[in-house]
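Below: my_file34.cif (mmCIF, C-alpha atoms)
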```cif
data_start
loop_
_atom_site.label_atom_id
_atom_site.label_comp_id
_atom_site.auth_asym_id
_atom_site.auth_seq_id
_atom_site.Cartn_x
_atom_site.Cartn_y
_atom_site.Cartn_z
CA MET P 1255 0.00 0.00 0.00
CA ARG P 1256 2.71 2.45 1.06
CA THR P 1257 4.86 1.70 -2.02
CA SER P 1258 1.96 2.21 -4.37
CA VAL P 1259 1.04 5.50 -2.68
CA ILE P 1260 4.62 6.75 -3.01
CA ALA P 1261 4.68 5.62 -6.66
CA GLY P 1262 1.44 7.51 -7.28
CA LEU P 1263 2.81 10.65 -5.64
CA PHE P 1264 5.99 10.34 -7.68
CA ALA P 1265 3.97 10.10 -10.90
CA LEU P 1266 2.03 13.20 -9.85
CA LEU P 1267 5.30 15.00 -9.11
CA MET P 1268 6.67 14.18 -12.56
CA VAL P 1269 3.52 15.51 -14.24
CA ALA P 1270 3.49 18.65 -12.09
CA TYR P 1271 7.10 19.44 -13.01
CA LEU P 1272 6.72 18.51 -16.69
CA PRO P 1273 7.02 22.15 -17.89
CA LEU P 1274 10.41 22.33 -16.16
CA TRP P 1275 12.08 20.56 -19.09
CA SER P 1276 11.28 23.43 -21.45
CA ASN P 1277 12.35 26.12 -18.97
CA GLY P 1278 15.50 28.15 -19.45
CA PHE P 1279 17.51 30.11 -16.91
CA VAL P 1280 16.05 33.09 -15.05
CA TYR P 1281 17.25 36.05 -12.98
CA GLU P 1282 20.44 35.24 -11.03
CA ASP P 1283 20.87 31.88 -12.79
CA TRP P 1284 22.62 33.73 -15.62
CA ASN P 1285 25.44 34.71 -13.27
CA LEU P 1286 25.43 31.37 -11.55
CA PHE P 1287 25.84 29.31 -14.69
CA SER P 1288 27.98 31.58 -16.84
CA HIS P 1289 31.74 31.31 -17.41
CA ALA P 1290 32.45 34.93 -16.60
CA GLY P 1291 30.03 35.77 -13.81
CA PRO P 1292 30.58 35.04 -10.12
CA LYS P 1293 29.15 31.59 -9.46
CA TRP P 1294 28.01 32.18 -5.89
CA GLY P 1295 28.62 35.88 -5.40
CA ALA P 1296 30.59 37.25 -2.48
CA LEU P 1297 30.03 34.13 -0.39
CA ALA P 1298 31.64 31.76 -2.89
CA GLY P 1299 34.04 30.32 -0.34
CA LEU P 1300 31.18 29.44 1.99
CA LYS P 1301 29.28 27.29 -0.51
CA PRO P 1302 31.66 24.60 -1.74
CA THR P 1303 29.00 21.84 -1.87
CA GLY P 1304 27.02 23.92 -4.30
CA GLU P 1305 30.16 24.56 -6.31
CA LEU P 1306 30.75 20.82 -6.42
CA THR P 1307 27.34 20.23 -7.99
CA MET P 1308 28.30 22.81 -10.61
CA ALA P 1309 31.45 20.93 -11.56
CA SER P 1310 29.53 18.84 -14.09
CA TRP P 1311 28.67 22.03 -15.95
CA ASP P 1312 32.21 22.74 -17.03
CA LEU P 1313 32.48 19.22 -18.45
CA GLN P 1314 29.08 19.30 -20.11
CA ARG P 1315 28.87 22.70 -21.74
CA GLY P 1316 32.08 22.55 -23.77
CA ASN P 1317 32.50 25.77 -25.71
CA LYS P 1318 28.95 26.99 -25.18
CA PRO P 1319 28.51 30.02 -22.89
CA PHE P 1320 25.82 28.27 -20.86
CA PRO P 1321 25.10 24.62 -20.08
CA ASP P 1322 21.87 22.90 -21.05
CA PRO P 1323 19.27 24.18 -18.55
CA ARG P 1324 17.69 20.73 -18.43
CA LEU P 1325 20.71 19.36 -16.62
CA ALA P 1326 20.50 22.12 -13.98
CA HIS P 1327 16.76 21.58 -13.56
CA GLY P 1328 17.16 17.80 -13.52
CA ILE P 1329 19.66 17.94 -10.64
CA ASN P 1330 17.40 20.26 -8.66
CA LEU P 1331 14.41 17.99 -9.25
CA ALA P 1332 16.43 14.92 -8.21
CA LEU P 1333 17.46 16.67 -4.98
CA HIS P 1334 13.80 17.58 -4.40
CA VAL P 1335 12.84 13.91 -4.77
CA VAL P 1336 15.56 12.94 -2.28
CA VAL P 1337 14.35 15.56 0.23
CA GLY P 1338 10.78 14.21 0.02
CA LEU P 1339 11.94 10.63 0.56
CA LEU P 1340 14.26 11.52 3.44
CA ALA P 1341 11.50 13.53 5.14
CA GLY P 1342 9.06 10.62 4.73
CA PHE P 1343 11.65 8.26 6.14
CA LEU P 1344 12.27 10.58 9.10
CA ALA P 1345 8.52 10.65 9.75
CA LEU P 1346 8.53 6.87 9.69
CA ARG P 1347 11.43 6.69 12.15
CA LEU P 1348 9.72 9.16 14.50
CA GLU P 1349 6.49 7.11 14.27
CA TRP P 1350 4.74 10.13 12.84
CA PRO P 1351 1.23 9.53 11.48
CA LEU P 1352 0.85 9.18 7.70
CA PRO P 1353 4.54 9.51 6.75
CA TRP P 1354 3.68 9.27 3.03
CA LEU P 1355 1.76 12.51 3.36
CA VAL P 1356 4.93 14.28 4.53
CA THR P 1357 6.57 13.14 1.28
CA GLY P 1358 3.51 14.15 -0.74
CA VAL P 1359 3.31 17.67 0.69
CA ILE P 1360 7.01 18.29 0.09
CA TRP P 1361 6.92 16.94 -3.44
CA LEU P 1362 3.77 18.67 -4.62
CA HIS P 1363 3.37 21.93 -2.72
CA PRO P 1364 3.63 24.91 -5.12
CA LEU P 1365 5.62 26.90 -2.57
CA ASN P 1366 8.58 24.62 -3.27
CA VAL P 1367 8.62 25.43 -6.98
CA GLU P 1368 10.94 28.40 -6.61
CA ALA P 1369 13.69 26.30 -5.00
CA VAL P 1370 13.39 23.61 -7.68
CA ALA P 1371 12.76 25.60 -10.87
CA TYR P 1372 15.17 28.40 -10.00
CA GLY P 1373 18.78 27.29 -10.34
CA SER P 1374 19.83 29.50 -7.46
CA GLY P 1375 17.64 27.40 -5.18
CA ARG P 1376 20.26 24.65 -5.31
CA GLY P 1377 21.80 25.76 -2.00
CA GLU P 1378 18.48 25.44 -0.16
CA LEU P 1379 17.88 21.96 -1.58
CA LEU P 1380 21.31 20.84 -0.40
CA VAL P 1381 20.78 22.38 3.04
CA ALA P 1382 17.50 20.45 3.33
CA VAL P 1383 19.23 17.17 2.35
CA GLY P 1384 21.97 17.82 4.95
CA LEU P 1385 19.47 18.68 7.69
CA LEU P 1386 17.41 15.57 7.01
CA MET P 1387 20.48 13.32 6.89
CA SER P 1388 21.54 14.63 10.30
CA ALA P 1389 18.02 14.33 11.67
CA LEU P 1390 17.77 10.74 10.46
CA ALA P 1391 21.16 9.93 11.96
CA VAL P 1392 19.79 10.88 15.38
CA THR P 1393 17.19 8.11 15.05
CA VAL P 1394 19.77 5.33 14.55
CA GLN P 1395 22.56 4.03 16.75
CA GLY P 1396 26.30 3.30 16.59
CA TRP P 1397 28.58 4.15 13.69
CA ARG P 1398 25.67 4.99 11.39
CA ARG P 1399 24.67 7.79 13.76
CA ARG P 1400 28.19 9.24 13.85
CA ILE P 1401 28.73 9.01 10.09
CA GLY P 1402 25.25 10.34 9.33
CA LEU P 1403 25.62 13.29 11.69
CA LEU P 1404 29.01 14.23 10.31
CA ALA P 1405 28.01 13.82 6.66
CA GLY P 1406 24.71 15.66 7.09
CA ALA P 1407 26.23 18.54 9.03
CA TRP P 1408 29.08 18.86 6.52
CA LEU P 1409 26.66 18.92 3.59
CA ALA P 1410 24.30 21.44 5.19
CA MET P 1411 26.99 23.84 6.36
CA HIS P 1412 28.90 23.74 3.09
CA ALA P 1413 25.81 24.20 0.93
CA LYS P 1414 24.92 27.63 2.34
CA PRO P 1415 25.89 29.56 5.46
CA ASN P 1416 22.39 29.08 6.89
CA GLY P 1417 23.16 25.33 7.03
CA ILE P 1418 24.54 26.09 10.47
CA VAL P 1419 21.00 25.55 11.75
CA VAL P 1420 21.87 21.85 11.73
CA PHE P 1421 23.19 22.49 15.26
CA GLY P 1422 19.66 23.42 16.29
CA ILE P 1423 17.83 20.73 14.32
CA VAL P 1424 19.85 17.80 15.69
CA PRO P 1425 19.06 18.59 19.37
CA LEU P 1426 15.40 19.17 18.42
CA VAL P 1427 15.08 15.70 16.84
CA TRP P 1428 17.04 14.14 19.71
CA TRP P 1429 14.73 15.83 22.21
CA TYR P 1430 11.63 14.69 20.34
CA GLN P 1431 12.80 11.11 20.19
CA THR P 1432 13.88 10.84 23.84
CA ARG P 1433 11.22 13.08 25.39
CA GLU P 1434 9.28 11.87 28.33
CA GLN P 1435 6.30 9.98 26.97
CA ARG P 1436 3.02 11.53 27.93
CA ALA P 1437 -0.49 11.10 26.67
CA TRP P 1438 -1.16 12.80 23.38
CA ARG P 1439 -3.47 15.74 23.60
CA THR P 1440 -4.53 15.21 20.03
CA GLN P 1441 -7.74 17.06 20.60
CA TRP P 1442 -5.70 20.19 21.31
CA PHE P 1443 -3.52 19.98 18.28
CA PRO P 1444 -5.94 20.92 15.50
CA SER P 1445 -7.35 23.85 17.46
CA TRP P 1446 -3.90 25.23 18.30
CA ALA P 1447 -2.58 24.68 14.81
CA VAL P 1448 -5.68 26.15 13.21
CA THR P 1449 -5.27 29.27 15.38
CA VAL P 1450 -1.68 29.74 14.25
CA PHE P 1451 -2.53 29.25 10.62
CA ALA P 1452 -5.65 31.38 10.73
CA VAL P 1453 -3.54 34.22 12.10
CA ALA P 1454 -0.92 33.68 9.41
CA VAL P 1455 -3.53 33.60 6.64
CA LEU P 1456 -5.11 36.75 8.01
CA ILE P 1457 -1.70 38.37 7.77
CA GLU P 1458 -1.17 37.02 4.24
CA LEU P 1459 -4.45 37.97 2.58
CA PRO P 1460 -4.20 41.74 3.11
CA LEU P 1461 -0.63 41.54 1.82
CA VAL P 1462 -1.92 40.08 -1.41
CA LEU P 1463 -5.11 42.08 -1.73
CA LEU P 1464 -4.17 45.51 -0.39
CA PHE P 1465 -0.52 46.25 0.07
CA ALA P 1466 0.89 44.72 -3.11
CA ASN P 1467 -0.17 47.81 -5.03
CA ALA P 1468 1.23 50.36 -2.61
CA TRP P 1469 4.23 52.53 -3.32
CA ASN P 1470 7.55 51.27 -2.08
CA VAL P 1471 11.24 51.79 -1.61
CA GLU P 1472 13.83 49.20 -2.57
CA ASN P 1473 14.01 46.33 -0.07
CA GLY P 1474 16.96 46.43 2.26
CA VAL P 1475 18.29 49.83 1.27
CA GLY P 1476 18.95 51.85 4.41
CA MET P 1477 17.06 49.38 6.57
CA THR P 1478 17.40 49.66 10.32
CA TRP P 1479 17.71 46.50 12.37
CA TRP P 1480 14.14 46.85 13.63
CA ARG P 1481 12.84 47.36 10.11
CA TRP P 1482 14.71 44.23 9.05
CA VAL P 1483 13.31 42.08 11.87
CA SER P 1484 9.79 43.30 11.23
CA SER P 1485 10.10 42.62 7.48
CA GLU P 1486 11.40 39.14 8.18
CA SER P 1487 8.56 38.50 10.63
CA THR P 1488 6.04 39.63 8.03
CA ALA P 1489 7.65 37.37 5.43
CA PHE P 1490 7.72 34.48 7.89
CA LEU P 1491 3.99 34.72 8.61
CA ARG P 1492 3.15 35.36 4.97
CA LEU P 1493 4.92 32.14 3.99
CA ILE P 1494 3.23 30.13 6.75
CA GLY P 1495 -0.08 31.43 5.43
CA MET P 1496 0.90 30.49 1.89
CA VAL P 1497 1.45 26.90 2.97
CA VAL P 1498 -2.29 26.73 3.62
CA VAL P 1499 -3.45 29.07 0.85
CA PRO P 1500 -0.80 29.25 -1.90
CA LEU P 1501 -2.02 32.59 -3.16
CA GLY P 1502 -0.04 35.46 -4.66
CA GLN P 1503 3.26 33.66 -5.12
CA ASN P 1504 5.88 36.13 -6.29
CA ILE P 1505 9.64 35.85 -6.75
CA ASP P 1506 10.10 39.39 -5.47
CA PHE P 1507 7.43 40.35 -2.97
CA ASP P 1508 7.56 43.99 -1.96
CA TYR P 1509 7.64 43.91 1.84
CA ALA P 1510 8.64 47.56 1.98
CA SER P 1511 5.10 48.39 0.86
CA VAL P 1512 3.59 46.85 3.99
CA PRO P 1513 2.77 49.45 6.66
CA GLN P 1514 5.12 49.46 9.63
CA TRP P 1515 2.29 48.93 12.17
CA TRP P 1516 1.36 45.74 10.34
CA GLN P 1517 4.95 44.51 10.41
CA THR P 1518 5.23 45.32 14.13
CA THR P 1519 2.14 43.18 14.73
CA CYS P 1520 3.89 40.34 12.90
CA VAL P 1521 6.90 40.61 15.25
CA GLY P 1522 4.50 40.24 18.18
CA ILE P 1523 2.92 37.13 16.63
CA VAL P 1524 6.34 35.53 16.03
CA VAL P 1525 7.30 36.18 19.67
CA TRP P 1526 4.01 34.60 20.73
CA MET P 1527 4.81 31.57 18.53
CA VAL P 1528 8.19 31.15 20.25
CA ALA P 1529 6.46 31.23 23.63
CA MET P 1530 3.87 28.67 22.47
CA VAL P 1531 6.55 26.34 21.13
CA TRP P 1532 8.18 26.32 24.56
CA ALA P 1533 4.90 26.07 26.46
CA CYS P 1534 3.71 23.09 24.42
CA ARG P 1535 6.85 20.99 24.76
CA LYS P 1536 5.42 18.50 27.27
CA ARG P 1537 1.75 18.20 26.44
CA LEU P 1538 2.03 18.78 22.72
CA PRO P 1539 5.55 17.77 21.64
CA GLU P 1540 4.44 17.41 18.01
CA ALA P 1541 3.64 21.11 17.84
CA THR P 1542 6.96 21.98 19.46
CA PHE P 1543 8.74 19.78 16.93
CA ILE P 1544 7.01 21.33 13.91
CA PHE P 1545 7.18 24.97 14.89
CA GLY P 1546 10.56 24.50 16.58
CA TRP P 1547 11.88 23.25 13.21
CA LEU P 1548 10.42 26.32 11.51
CA LEU P 1549 11.84 28.81 13.98
CA ILE P 1550 15.29 27.18 14.13
CA VAL P 1551 15.64 27.07 10.34
CA ILE P 1552 14.56 30.68 9.88
CA ALA P 1553 16.33 32.10 12.98
CA PRO P 1554 19.60 33.13 11.22
CA ARG P 1555 17.66 35.39 8.88
CA PHE P 1556 16.45 37.46 11.82
CA PHE P 1557 20.03 38.22 12.84
CA VAL P 1558 21.86 38.48 9.51
CA LYS P 1559 20.73 41.41 7.39
CA VAL P 1560 20.97 40.58 3.69
CA PRO P 1561 20.35 43.65 1.52
CA LEU P 1562 17.70 43.19 -1.20
CA SER P 1563 16.88 39.73 0.05
CA VAL P 1564 14.02 39.49 2.54
CA LEU P 1565 12.98 35.88 3.25
CA ASN P 1566 11.48 34.54 0.03
CA GLU P 1567 10.03 31.32 -1.29
CA HIS P 1568 13.25 29.50 -2.10
CA HIS P 1569 14.74 30.47 1.28
CA TRP P 1570 11.65 28.86 2.78
CA TYR P 1571 12.42 25.41 1.37
CA PRO P 1572 14.20 23.91 4.43
CA ALA P 1573 11.43 25.28 6.65
CA MET P 1574 8.84 23.61 4.42
CA VAL P 1575 10.07 20.26 5.71
CA GLY P 1576 8.72 21.19 9.15
CA MET P 1577 5.47 22.38 7.62
CA ALA P 1578 5.05 19.08 5.82
CA PHE P 1579 5.00 17.36 9.22
CA TRP P 1580 2.15 19.59 10.32
CA CYS P 1581 -0.35 18.36 7.74
CA PRO P 1582 -0.48 14.66 8.77
CA ALA P 1583 -0.39 15.56 12.48
CA CYS P 1584 -3.56 17.60 12.08
CA ILE P 1585 -5.50 15.08 10.04
CA ASP P 1586 -4.32 12.16 12.16
CA ARG P 1587 -7.26 12.74 14.45
CA TRP P 1588 -9.66 12.45 11.53
CA LEU P 1589 -8.16 9.40 9.89
CA THR P 1590 -7.17 7.33 12.93
CA PRO P 1591 -9.85 5.12 14.52
CA LYS P 1592 -10.85 6.34 17.95
CA THR P 1593 -9.48 3.24 19.65
CA LEU P 1594 -5.93 4.15 18.58
CA LYS P 1595 -6.09 7.73 19.74
CA SER P 1596 -5.62 6.96 23.40
CA ARG P 1597 -2.00 5.89 22.93
CA MET C 1223 -11.94 4.76 1.00
CA SER C 1224 -13.16 7.38 3.46
CA VAL C 1225 -14.30 10.88 2.59
CA LYS C 1226 -11.31 12.31 4.41
CA THR C 1227 -8.82 10.21 2.46
CA VAL C 1228 -10.41 11.49 -0.74
CA LEU C 1229 -10.14 15.02 0.66
CA VAL C 1230 -6.40 14.61 1.33
CA GLY C 1231 -5.93 13.20 -2.18
CA THR C 1232 -7.85 16.11 -3.65
CA ILE C 1233 -5.67 18.62 -1.81
CA LEU C 1234 -2.51 16.92 -3.10
CA VAL C 1235 -3.84 16.93 -6.66
CA LEU C 1236 -4.75 20.60 -6.26
CA TYR C 1237 -1.20 21.31 -5.07
CA ALA C 1238 0.12 19.45 -8.11
CA VAL C 1239 -2.04 21.54 -10.45
CA LEU C 1240 -0.85 24.77 -8.84
CA THR C 1241 2.72 23.53 -9.07
CA PHE C 1242 2.24 22.76 -12.77
CA PHE C 1243 1.23 26.36 -13.46
CA ARG C 1244 3.83 27.88 -11.15
CA VAL C 1245 6.66 25.99 -12.87
CA GLN C 1246 5.68 27.65 -16.16
CA VAL C 1247 6.27 31.09 -14.63
CA PHE C 1248 9.97 30.19 -14.46
CA HIS C 1249 10.13 29.56 -18.22
CA ASP C 1250 12.23 32.66 -18.89
CA ASP C 1251 12.98 36.11 -17.46
CA LEU C 1252 10.14 37.73 -19.34
CA ALA C 1253 7.53 35.30 -18.01
CA LEU C 1254 8.94 35.52 -14.48
CA TRP C 1255 9.00 39.30 -14.22
CA THR C 1256 5.70 39.75 -16.04
CA ASP C 1257 4.17 37.56 -13.35
CA ALA C 1258 5.90 39.62 -10.65
CA VAL C 1259 4.65 42.91 -12.09
CA SER C 1260 1.11 41.58 -12.38
CA LYS C 1261 1.16 40.97 -8.63
CA ALA C 1262 3.01 44.15 -7.59
CA PRO C 1263 2.49 46.77 -10.33
CA CYS C 1264 4.14 49.53 -8.30
CA PHE C 1265 7.35 47.68 -7.45
CA GLU C 1266 10.21 49.18 -9.43
CA ARG C 1267 12.55 46.21 -9.55
CA PRO C 1268 10.34 43.82 -11.55
CA LEU C 1269 9.53 46.63 -14.01
CA ALA C 1270 13.23 47.25 -14.51
CA ARG C 1271 13.83 43.52 -14.90
CA ILE C 1272 11.21 43.30 -17.68
CA ALA C 1273 12.98 46.10 -19.56
CA MET C 1274 16.32 44.34 -19.05
CA ALA C 1275 14.85 41.04 -20.27
CA HIS C 1276 13.71 42.74 -23.48
CA GLU C 1277 17.19 44.26 -23.88
CA ALA C 1278 18.79 40.86 -23.50
CA LEU C 1279 16.48 39.46 -26.17
CA GLY C 1280 17.30 42.33 -28.54
CA HIS C 1281 13.77 43.76 -28.38
CA LYS C 1282 14.84 47.39 -28.42
CA ASP C 1283 11.38 48.95 -28.80
CA GLU C 1284 9.88 46.88 -26.00
CA ALA C 1285 12.89 47.65 -23.79
CA ILE C 1286 12.46 51.39 -24.32
CA LEU C 1287 8.75 51.07 -23.57
CA GLY C 1288 9.61 49.14 -20.40
CA TRP C 1289 11.99 51.82 -19.15
CA GLN C 1290 9.47 54.50 -20.09
CA ARG C 1291 6.82 52.71 -18.05
CA LEU C 1292 9.14 52.68 -15.05
CA LEU C 1293 9.91 56.37 -15.49
CA ASP C 1294 6.21 57.22 -15.78
CA LEU C 1295 5.52 55.31 -12.61
CA LYS C 1296 8.15 57.27 -10.72
CA LEU C 1297 7.05 60.63 -12.10
CA ASP C 1298 3.25 60.58 -12.00
CA GLY C 1299 2.90 59.33 -8.42
CA ARG C 1300 -0.07 57.07 -9.20
CA CYS C 1301 1.14 54.55 -6.67
CA GLY C 1302 1.42 56.96 -3.78
CA PRO C 1303 3.93 59.35 -2.25
CA ARG C 1304 7.67 58.80 -2.72
#
```

Would it be possible to restate this file's structure as structure tokens?
Amino acid sequence: MRTSVIAGLFALLMVAYLPLWSNGFVYEDWNLFSHAGPKWGALAGLKPTGELTMASWDLQRGNKPFPDPRLAHGINLALHVVVGLLAGFLALRLEWPLPWLVTGVIWLHPLNVEAVAYGSGRGELLVAVGLLMSALAVTVQGWRRRIGLLAGAWLAMHAKPNGIVVFGIVPLVWWYQTREQRAWRTQWFPSWAVTVFAVAVLIELPLVLLFANAWNVENGVGMTWWRWVSSESTAFLRLIGMVVVPLGQNIDFDYASVPQWWQTTCVGIVVWMVAMVWACRKRLPEATFIFGWLLIVIAPRFFVKVPLSVLNEHHWYPAMVGMAFWCPACIDRWLTPKTLKSR
Amino acid sequence: MSVKTVLVGTILVLYAVLTFFRVQVFHDDLALWTDAVSKAPCFERPLARIAMAHEALGHKDEAILGWQRLLDLKLDGRCGPR
């Protein structure tokens, strides 16, 4: 049953990404894949894993200025498949309900398209693979744990600087696996999760419907630290909302057009989320795991100001792994017979 | 097969359909930035990127029109105060 479900999801994934094979390069891909341009910008030395995946280009393109885009897209899609499988396997190891749904959400959610179809999303895909390898290593014993942890951490940290979050993800998975077993409060989970997502969607919809047409200044230019944190908080909640309602996807959302009072409200909601994650750790460890994953993965972006680059959809990819765990946890109560719920 | 299983399947298929259309937006620079402008008509950067995409393709007239559109936007203040 499980194999056939995964096969079905894989077929759906292949159909959904069919247009990818006719896509060319876009935006920063031209620099990334050209002979002359900087491959990874100013942070080239911090992304050697990504550079390694580019090595095939120099062999493949010959005298042409650019390689065949299909090879670049094919590698991204293959990494996306691996991420989905690793996440499903992690769900299985953690005895998470409906692990195949974790794979399905990662493979098919439109919010992941930017990381896969945009060549520059390669770093995020590799970070996700590294994080999941490390997380899986925590669930096994002996030499496999040590090798897995080392390999995963190396891959994540060398793919992009934000791969350093592996040092937060590993303790989170370890905590979840060894936590004191208490009765599930499954009846709480949907109501709590629905509250969080309703708030996020309420933040997202006005962004799409009202503020997208407002005047703006260039993102990041002359931003104060507070302005940066509030923009990131707005982006964070917008993206959580878009997991539920994938509406208004945009490669370059104009956060500077969002009123400051709205962004300040978003900071407050993110602080509340952090408090809830901590408060729920004993009675609702699943919620702490999911939202802890989200907050750990995104945390560096609150402290490192990157001009012209507020949190966007391809940055969100490693966080989407945590979100994919949310979906089956919520519907578990619907799909599991009542007799099994009292575990 | 329960109603809720069908519901989950429907959501996944819906995601796949949305993904199918979103992937097409990344076909080339022109498609990507046209999509971005349609969602944020007052954001300068996507407008500039459309003009640059036309330049790269050798569409001189369209590129000039693109830059003109950006200039008009900055000058006439339709989108609010600067």

Practice problem: For the structure shown, which residues end up in the PyMOL selection byres ((chain C) within 6 of (chain P))? Put them as an NGL selection string, please? | Solution: :C and (1237-1238 or 1240-1242 or 1246 or 1249-1251 or 1258 or 1262 or 1264 or 1301-1302)

Quiz item: Nearest to Leu1549 (chain P): which of P:Val1528, P:Ile1329, P:Val1356, P:Leu1404 is it, counting all atoms listed in the file?
Solution: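 For Leu1549 (chain P), the nearest of the candidates is P:Val1528.
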
Practice problem: Quick one: everything within 6 Å of region 1270-1276 of chain C, counting all atoms listed in the file, minus sequence neighbours fewer than 4 positions away in the same chain. Send it as number ranges by chain. | Solution: C: 1251-1252, 1255, 1281, 1285, 1288-1289

Self-check item: Atom pair CA of Leu1565 (chain P) / CA of Phe1490 (chain P): separation (Å)
Solution: 7.2 Å

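Atom pair CA of Val1575 (chain P) / CA of Ile1360 (chain P) has a distance of 6.7 Å (rounded to one decimal).
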
Exercise. Using all atoms listed in the file, find the one residue out of P:Val1427, P:Ala1529, P:Leu1493, P:Val1512 that sits nearest to His1568 (chain P).
Key: P:Leu1493

Can you list, as a PDB file with C-alpha atoms, in the frame of the given file, the residues that the PyMOL selection byres ((chain P and resi 1483) around 10) selects here?
```pdb
ATOM      1  CA  MET P1477      17.060  49.380   6.570  1.00  0.00           C
ATOM      2  CA  THR P1478      17.400  49.660  10.320  1.00  0.00           C
ATOM      3  CA  TRP P1479      17.710  46.500  12.370  1.00  0.00           C
ATOM      4  CA  TRP P1480      14.140  46.850  13.630  1.00  0.00           C
ATOM      5  CA  ARG P1481      12.840  47.360  10.110  1.00  0.00           C
ATOM      6  CA  TRP P1482      14.710  44.230   9.050  1.00  0.00           C
ATOM      7  CA  SER P1484       9.790  43.300  11.230  1.00  0.00           C
ATOM      8  CA  SER P1485      10.100  42.620   7.480  1.00  0.00           C
ATOM      9  CA  GLU P1486      11.400  39.140   8.180  1.00  0.00           C
ATOM     10  CA  SER P1487       8.560  38.500  10.630  1.00  0.00           C
ATOM     11  CA  THR P1488       6.040  39.630   8.030  1.00  0.00           C
ATOM     12  CA  ALA P1489       7.650  37.370   5.430  1.00  0.00           C
ATOM     13  CA  GLN P1517       4.950  44.510  10.410  1.00  0.00           C
ATOM     14  CA  THR P1518       5.230  45.320  14.130  1.00  0.00           C
ATOM     15  CA  CYS P1520       3.890  40.340  12.900  1.00  0.00           C
ATOM     16  CA  VAL P1521       6.900  40.610  15.250  1.00  0.00           C
ATOM     17  CA  ARG P1555      17.660  35.390   8.880  1.00  0.00           C
ATOM     18  CA  PHE P1556      16.450  37.460  11.820  1.00  0.00           C
ATOM     19  CA  PHE P1557      20.030  38.220  12.840  1.00  0.00           C
ATOM     20  CA  VAL P1558      21.860  38.480   9.510  1.00  0.00           C
ATOM     21  CA  LYS P1559      20.730  41.410   7.390  1.00  0.00           C
ATOM     22  CA  VAL P1564      14.020  39.490   2.540  1.00  0.00           C
TER      23      VAL P1564
END
```

Quiz item: Mind pulling up the distance from CA of Leu1548 (chain P) to CA of Val1392 (chain P)?
Solution: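 It comes out at 18.5 Å.
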
Once 4 Å is added on each side, what are the centre and the three edge lengths, in Å to one decimal, of the axis-aligned box enclosing the listed atoms of region 1276-1283 of chain C? Present them as lines of an AutoDock Vina configuration file.
```
center_x = 15.1
center_y = 44.2
center_z = -26.1
size_x = 15.4
size_y = 17.5
size_z = 13.3
```
